[in-house]
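What follows is a set of notes on a single structure, which appears directly below.
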Amino acid sequence: MTVELVRDRFLRLASRAGVDVPAQLLEGVEAYFGLLRTWNRSINLTSLNIEHPDDESFDRLLVEPVVAGLLADPLRVKRAIDIGSGGGSPALPFRLSVPGMGMSLIESKHKKAVFLREAIRLLGLADTTVEARRLDEVAADFPVDARADLVTVRAVRLDHALFQAIDALLKPEGRLFLFGTTESEAKNLAPKKFSLDEFRTLTSSPGSCLSILKRLS
């Protein structure tokens, strides 16, 4: 797939999701997707077919994070943390769509952490770092004054251990973005200190949704 085809597909799907993509963001998304394709040939970064991607793959990897970035922007997020960053989606397209935001990516697998650091360097993302440790290790000694305004999660099991870690990473009144989590799942699985703030469908692809939770204390 050529750069032109990547651009055209992304812009078409972003428009279908109601998003106008500025030139700088378009360049960043294209660069990220190119890096992902290149590295994925030697390191298993994503199970999605990105050599010959369909619309659903594009939505999942690129469009969903950009749409979510528009929802984060009014919240005036200064710092975000992504848990289980893997191949960099949603974290890196999300970070690209919110200029000026700092972000930490937590990814315990060494090869994936190497990719993430190289992608951050090549994309020129300031104040964006990778924690190459397990989530519980990061949470165990996380400074209170470094807590984030926003935590993002996708494809990570929603259980007590996860929410316990998020509790250490997220500020009171901060938001938790759960990609691919339905409204009922969010209500049933989240602890009482979190309330469902908003539920949104992100794209027309199956399962493309976002539950936004607010930490109450």
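Letters A, B, ... mark the chains of the structure tokens in the order given; residue numbers begin at 1 per chain; ligand numbers begin at 1, in order shown.
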
List every residue of segment 58-169 of chain A that has an atom at most 8 Å from any atom of segment 36-46 of chain A, and for each one report the closest atom pair and its distance in Å to one decimal, counting only C-alpha atoms, with rows sorted by chain and then by increasing residue number, as CSV.
residue,atom,partner,partner_atom,distance
A:Gly86,CA,A:Leu45,CA,6.3
A:Gly87,CA,A:Leu45,CA,4.6
A:Lys111,CA,A:Ile43,CA,7.4
A:Lys112,CA,A:Leu45,CA,6.8
A:Phe115,CA,A:Trp39,CA,7.5

Could you please take those selected residues and save N, CA and C atoms as a CSV table (one decimal), in the first residue's frame?
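Resulting contents of part_14.csv:
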chain,number,residue,atom,x,y,z
A,86,GLY,N,2.0,-1.7,23.7
A,86,GLY,CA,2.1,-2.6,22.6
A,86,GLY,C,2.8,-2.0,21.3
A,87,GLY,N,2.0,-2.0,20.2
A,87,GLY,CA,2.5,-1.4,19.0
A,87,GLY,C,2.3,0.1,18.8
A,111,LYS,N,11.1,-5.7,23.3
A,111,LYS,CA,11.2,-5.3,21.9
A,111,LYS,C,10.1,-4.3,21.5
A,112,LYS,N,9.0,-4.4,22.1
A,112,LYS,CA,7.9,-3.4,21.8
A,112,LYS,C,8.3,-2.0,22.4
A,115,PHE,N,10.7,-0.4,20.0
A,115,PHE,CA,9.9,0.2,18.9
A,115,PHE,C,9.3,1.5,19.3

List the neighbours of Ile166 of chain A out to 12 Å using only C-alpha atoms; skip same-chain residues closer than 6 positions along the sequence, and give me the result as a PyMOL selection string. chain A and resi 80-83+106+135-136+138-140+142+147-153+158-160+172+174-178+190-191+193-194+213-215

Limited to N, CA and C atoms, could you put the picked residues into a file as an mmCIF file, in the first residue's frame?
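Wrote part.cif, looks like this:
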data_model
loop_
_atom_site.group_PDB
_atom_site.id
_atom_site.type_symbol
_atom_site.label_atom_id
_atom_site.label_comp_id
_atom_site.auth_asym_id
_atom_site.auth_seq_id
_atom_site.Cartn_x
_atom_site.Cartn_y
_atom_site.Cartn_z
ATOM 1 N N ALA A 80 -0.897 12.402 30.194
ATOM 2 C CA ALA A 80 -1.668 11.168 30.071
ATOM 3 C C ALA A 80 -0.739 9.970 30.225
ATOM 4 N N ILE A 81 -1.318 8.836 30.581
ATOM 5 C CA ILE A 81 -0.589 7.575 30.688
ATOM 6 C C ILE A 81 -1.359 6.522 29.914
ATOM 7 N N ASP A 82 -0.651 5.782 29.059
ATOM 8 C CA ASP A 82 -1.271 4.678 28.322
ATOM 9 C C ASP A 82 -0.761 3.364 28.887
ATOM 10 N N ILE A 83 -1.667 2.456 29.163
ATOM 11 C CA ILE A 83 -1.319 1.169 29.777
ATOM 12 C C ILE A 83 -1.327 0.066 28.715
ATOM 13 N N ILE A 106 3.312 2.705 29.044
ATOM 14 C CA ILE A 106 3.763 1.583 29.861
ATOM 15 C C ILE A 106 3.701 0.312 29.026
ATOM 16 N N LEU A 135 3.155 -3.102 34.814
ATOM 17 C CA LEU A 135 2.260 -2.080 35.343
ATOM 18 C C LEU A 135 2.307 -2.021 36.867
ATOM 19 N N ASP A 136 2.306 -3.168 37.521
ATOM 20 C CA ASP A 136 2.299 -3.153 38.988
ATOM 21 C C ASP A 136 3.594 -2.565 39.541
ATOM 22 N N VAL A 138 5.385 -0.159 38.039
ATOM 23 C CA VAL A 138 5.278 1.293 37.853
ATOM 24 C C VAL A 138 4.378 1.898 38.927
ATOM 25 N N ALA A 139 3.241 1.254 39.165
ATOM 26 C CA ALA A 139 2.269 1.787 40.127
ATOM 27 C C ALA A 139 2.790 1.767 41.561
ATOM 28 N N ALA A 140 3.643 0.791 41.876
ATOM 29 C CA ALA A 140 4.088 0.604 43.254
ATOM 30 C C ALA A 140 4.872 1.795 43.782
ATOM 31 N N PHE A 142 4.941 5.001 42.138
ATOM 32 C CA PHE A 142 4.592 6.161 41.323
ATOM 33 C C PHE A 142 4.401 7.395 42.209
ATOM 34 N N ARG A 147 0.969 12.167 39.076
ATOM 35 C CA ARG A 147 -0.249 11.514 38.589
ATOM 36 C C ARG A 147 -0.824 12.221 37.368
ATOM 37 N N ALA A 148 -1.468 11.426 36.518
ATOM 38 C CA ALA A 148 -1.933 11.913 35.224
ATOM 39 C C ALA A 148 -3.358 12.461 35.301
ATOM 40 N N ASP A 149 -3.661 13.322 34.352
ATOM 41 C CA ASP A 149 -5.038 13.822 34.185
ATOM 42 C C ASP A 149 -5.901 12.795 33.457
ATOM 43 N N LEU A 150 -5.231 11.885 32.726
ATOM 44 C CA LEU A 150 -5.949 10.936 31.886
ATOM 45 C C LEU A 150 -5.157 9.645 31.770
ATOM 46 N N VAL A 151 -5.857 8.515 31.853
ATOM 47 C CA VAL A 151 -5.268 7.208 31.600
ATOM 48 C C VAL A 151 -6.046 6.555 30.475
ATOM 49 N N THR A 152 -5.317 5.979 29.503
ATOM 50 C CA THR A 152 -5.965 5.290 28.387
ATOM 51 C C THR A 152 -5.643 3.801 28.439
ATOM 52 N N VAL A 153 -6.641 2.984 28.085
ATOM 53 C CA VAL A 153 -6.504 1.527 28.141
ATOM 54 C C VAL A 153 -7.243 0.907 26.968
ATOM 55 N N LEU A 158 -9.934 -5.919 32.284
ATOM 56 C CA LEU A 158 -10.453 -5.013 33.312
ATOM 57 C C LEU A 158 -10.729 -5.807 34.588
ATOM 58 N N ASP A 159 -9.752 -5.814 35.482
ATOM 59 C CA ASP A 159 -9.920 -6.553 36.729
ATOM 60 C C ASP A 159 -9.445 -5.700 37.901
ATOM 61 N N HIS A 160 -9.495 -6.269 39.093
ATOM 62 C CA HIS A 160 -9.144 -5.524 40.302
ATOM 63 C C HIS A 160 -7.721 -5.000 40.243
ATOM 64 N N PRO A 172 -7.279 12.545 41.294
ATOM 65 C CA PRO A 172 -8.706 12.713 41.586
ATOM 66 C C PRO A 172 -9.339 13.650 40.550
ATOM 67 N N GLY A 174 -9.644 12.929 37.592
ATOM 68 C CA GLY A 174 -9.083 12.574 36.299
ATOM 69 C C GLY A 174 -9.992 11.640 35.523
ATOM 70 N N ARG A 175 -9.692 11.472 34.233
ATOM 71 C CA ARG A 175 -10.527 10.636 33.373
ATOM 72 C C ARG A 175 -9.800 9.355 32.982
ATOM 73 N N LEU A 176 -10.596 8.306 32.787
ATOM 74 C CA LEU A 176 -10.109 7.019 32.315
ATOM 75 C C LEU A 176 -10.805 6.713 30.993
ATOM 76 N N PHE A 177 -10.041 6.589 29.920
ATOM 77 C CA PHE A 177 -10.579 6.257 28.597
ATOM 78 C C PHE A 177 -10.416 4.760 28.370
ATOM 79 N N LEU A 178 -11.535 4.047 28.288
ATOM 80 C CA LEU A 178 -11.527 2.609 28.047
ATOM 81 C C LEU A 178 -11.982 2.348 26.616
ATOM 82 N N ALA A 190 -16.211 -1.319 36.797
ATOM 83 C CA ALA A 190 -15.460 -0.244 37.447
ATOM 84 C C ALA A 190 -15.776 -0.173 38.933
ATOM 85 N N PRO A 191 -14.773 0.115 39.776
ATOM 86 C CA PRO A 191 -15.019 0.305 41.211
ATOM 87 C C PRO A 191 -15.909 1.524 41.464
ATOM 88 N N LYS A 193 -15.436 4.176 43.062
ATOM 89 C CA LYS A 193 -14.826 5.507 43.002
ATOM 90 C C LYS A 193 -14.759 6.058 41.579
ATOM 91 N N PHE A 194 -15.195 5.260 40.583
ATOM 92 C CA PHE A 194 -15.278 5.726 39.206
ATOM 93 C C PHE A 194 -16.739 5.818 38.783
ATOM 94 N N LEU A 213 -14.624 7.257 31.993
ATOM 95 C CA LEU A 213 -14.934 7.229 33.418
ATOM 96 C C LEU A 213 -14.235 8.381 34.125
ATOM 97 N N LYS A 214 -14.855 8.891 35.148
ATOM 98 C CA LYS A 214 -14.267 9.955 35.965
ATOM 99 C C LYS A 214 -13.969 9.418 37.351
ATOM 100 N N ARG A 215 -12.742 9.665 37.816
ATOM 101 C CA ARG A 215 -12.391 9.267 39.168
ATOM 102 C C ARG A 215 -12.992 10.285 40.136
#

Using DSSP on the backbone, list every residue of segment 137-179 of chain A that comes out as strand (DSSP E or B), and give them as a PyMOL selection string. chain A and resi 148-154+170-179

Please produce a file of the residues just selected, as a PDB file, in the first residue's frame, where the atoms kept are C-alpha atoms.
ATOM      1  CA  ALA A 148      -1.933  11.913  35.224  1.00  0.00           C
ATOM      2  CA  ASP A 149      -5.038  13.822  34.185  1.00  0.00           C
ATOM      3  CA  LEU A 150      -5.949  10.936  31.886  1.00  0.00           C
ATOM      4  CA  VAL A 151      -5.268   7.208  31.600  1.00  0.00           C
ATOM      5  CA  THR A 152      -5.965   5.290  28.387  1.00  0.00           C
ATOM      6  CA  VAL A 153      -6.504   1.527  28.141  1.00  0.00           C
ATOM      7  CA  ARG A 154      -7.262  -0.849  25.292  1.00  0.00           C
ATOM      8  CA  LEU A 170      -4.658   8.910  38.029  1.00  0.00           C
ATOM      9  CA  LYS A 171      -5.435  12.205  39.738  1.00  0.00           C
ATOM     10  CA  PRO A 172      -8.706  12.713  41.586  1.00  0.00           C
ATOM     11  CA  GLU A 173     -11.244  14.058  39.061  1.00  0.00           C
ATOM     12  CA  GLY A 174      -9.083  12.574  36.299  1.00  0.00           C
ATOM     13  CA  ARG A 175     -10.527  10.636  33.373  1.00  0.00           C
ATOM     14  CA  LEU A 176     -10.109   7.019  32.315  1.00  0.00           C
ATOM     15  CA  PHE A 177     -10.579   6.257  28.597  1.00  0.00           C
ATOM     16  CA  LEU A 178     -11.527   2.609  28.047  1.00  0.00           C
ATOM     17  CA  PHE A 179     -11.342   1.810  24.332  1.00  0.00           C
TER      18      PHE A 179
END

Using only C-alpha atoms, the shortest atom-to-atom distance to Leu13 of chain A among A:Leu25, A:Gln164, A:Met103, A:Phe58 belongs to A:Phe58

Run DSSP on the backbone of this structure and report the residues of segment 3-37 of chain A it assigns to alpha helix (DSSP H), as a PyMOL selection string. chain A and resi 3-16+23-37

Fewer than 2 positions away in the same chain doesn't count, so skip those; otherwise give me all residues within 12 Å of Gly34 of chain A, counting only C-alpha atoms, as a list in words. Met1, Thr2, Val3, Glu4, Leu5, Val6, Arg7, Glu27, Gly28, Val29, Glu30, Ala31, Tyr32, Leu36, Arg37, Thr38, Trp39, Asn40, Arg41, Ile50, Glu51, Leu62, Ala119, Leu122 and Leu123 of chain A

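Among the candidates A:Cys209, A:Ala14, A:Leu202, A:Gly100, the one nearest to Ala126 of chain A when counting only C-alpha atoms is A:Gly100.
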
Which residue, A:Glu107, A:Glu137, A:Asp197, A:Glu64, has the smallest gap to Ala161 of chain A when you use only C-alpha atoms?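 Going through A:Glu107, A:Glu137, A:Asp197, A:Glu64 one by one, the smallest distance to Ala161 of chain A is for A:Glu137.
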
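If only C-alpha atoms are the atoms counted, then among A:Val114, A:Ala17, A:Val67, A:Leu11 the closest residue to Arg95 of chain A is A:Val67.
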
Which of these, A:Ser15, A:Ser85, A:Ser217, A:Thr182, has the shortest distance to Asp167 of chain A once you count only C-alpha atoms?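 Of all the options, A:Ser217 lies closest to Asp167 of chain A.
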
Pick from A:Pro93, A:Gly102, A:Gly180, A:Pro206: nearest to Asp55 of chain A, with only C-alpha atoms counted? A:Pro206

Please compute the atom CA of Asp54 of chain A-atom CA of Pro90 of chain A distance, one decimal, in Å. 17.4 Å

Provide the atom CA of Phe94 of chain A to atom CA of Ser184 of chain A distance in Å, to one decimal place.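 Atom-to-atom, atom CA of Phe94 of chain A and atom CA of Ser184 of chain A are spaced 24.4 Å apart.
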
Find the residues around Glu56 of chain A up to 10 Å (only C-alpha atoms counted), leave out those fewer than 5 positions away in its own chain, and share them as a list in words.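 Everything that qualifies: Leu13, Leu48, Leu61, Leu62, Val63, Thr203, Ser204, Ser205, Pro206, Gly207 and Ser208 of chain A.
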
Atom CA of Ser108 of chain A to atom CA of Val130 of chain A, distance in Å rounded to a single decimal: 9.5 Å
